[in-house]
Amino acid sequence: MELLYRNENRLVVYNIKNLLESKGIPSELRNEFASNGAVEAPQIFVELWVDKNQIESCREILESIESKNLKDWICSQCGERNGGAFELCWNCQNENG
Ligand SMILES: [Zn+2]
C-alpha cells in the first residue's frame with residue numbers, strides 16, 4: 001500500500017475514496033479515528049492509501065480532477081464550499097446544484 005492523498009478534513013478524503021471506488025479502485029483510510037488523547041489535539045490528517053500497483057492510475061485521476069480546474073460550488077443547503085469535481089456536498093451530501 002502507498003499513501004495517495006491526505007487531508008485534515010476526513011470528508012474530503014471520503015469523497016476521493018468514493019470517486020476511486022466508482023472507478024473500481026479499492027482504497028484504505030488511515031488515521032480516521034486517530035487520537036493522541038491530548039486535550040488540544042494537533043491536526044490529524046486522514047490518509048488515503050491505495051495498492052502500490054494502482055498508485056499511478058490514482059495519481060492520474062487526482063491530476064485530472066485538478067487539471068479540469070472545475071469551479072468550486074457553494075452548497076445550496078448548508079452553504080459549504082465544495083470542489084468542482086465532487087457531485088455531493090462533503091458536509092451534508094446534498095447534490096451539486
Ligand atoms: Zn451542504
# chains A, B, ... in the order shown; residues from 1 in each chain; ligands from 1
$ residues_near_ligand --ligand "ligand 1" --cutoff "9 Å" --atoms "only C-alpha atoms and all ligand atoms" --output "list in words"
Ile74, Cys75, Ser76, Gln77, Cys78, Gly79, Glu80, Arg81, Asn82, Leu88, Cys89, Trp90, Asn91, Cys92, Gln93, Asn94, Glu95 and Asn96 of chain A
$ write_last_selection --atoms "C-alpha atoms" --output "JSON list (two decimals), in the first residue's frame"
[["chain", "number", "residue", "atom", "x", "y", "z"],
["A", 74, "ILE", "CA", -21.45, 26.51, -2.84],
["A", 75, "CYS", "CA", -23.91, 24.07, -1.37],
["A", 76, "SER", "CA", -27.43, 25.44, -1.55],
["A", 77, "GLN", "CA", -28.37, 23.53, 1.58],
["A", 78, "CYS", "CA", -25.60, 24.25, 4.07],
["A", 79, "GLY", "CA", -23.53, 26.95, 2.35],
["A", 80, "GLU", "CA", -20.26, 25.00, 2.36],
["A", 81, "ARG", "CA", -17.78, 25.35, -0.49],
["A", 82, "ASN", "CA", -17.10, 22.19, -2.49],
["A", 88, "LEU", "CA", -22.13, 15.74, -3.50],
["A", 89, "CYS", "CA", -21.55, 18.26, -0.75],
["A", 90, "TRP", "CA", -18.83, 16.96, 1.56],
["A", 91, "ASN", "CA", -20.68, 18.36, 4.53],
["A", 92, "CYS", "CA", -24.31, 17.38, 4.06],
["A", 93, "GLN", "CA", -24.28, 15.12, 0.96],
["A", 94, "ASN", "CA", -26.58, 17.49, -0.87],
["A", 95, "GLU", "CA", -26.32, 17.20, -4.67],
["A", 96, "ASN", "CA", -24.46, 19.82, -6.69]]
$ residues_around --residues "A:Leu48" --least-positions-apart "6" --cutoff "10 Å" --atoms "only C-alpha atoms" --output "list in words"
Met1, Glu2, Leu3, Leu4, Tyr5, Arg6, Asn7, Arg10, Val13, Tyr14, Ile16, Lys17, Ser27, Glu28, Leu29, Arg30, Asn31 and Glu32 of chain A
$ select_by_dssp --residues "chain A" --states "alpha helix (DSSP H)" --output "list in words"
Arg10, Leu11, Val12, Val13, Tyr14, Asn15, Ile16, Lys17, Asn18, Leu19, Leu20, Glu21, Ser22, Ile55, Glu56, Ser57, Cys58, Arg59, Glu60, Ile61, Leu62, Glu63, Ser64, Ile65, Glu66, Ser67 and Lys68 of chain A
$ atom_distance --atom1 "atom CA of A:Arg59" --atom2 "atom CA of A:Asn18"
14.9 Å
$ atom_distance --atom1 "atom CA of A:Asp72" --atom2 "atom CA of A:Ser57"
24.0 Å
$ closest_residue --among "A:Glu63, A:Pro26, A:Val12, A:Lys71" --to "A:Asp51" --atoms "only C-alpha atoms"
A:Pro26
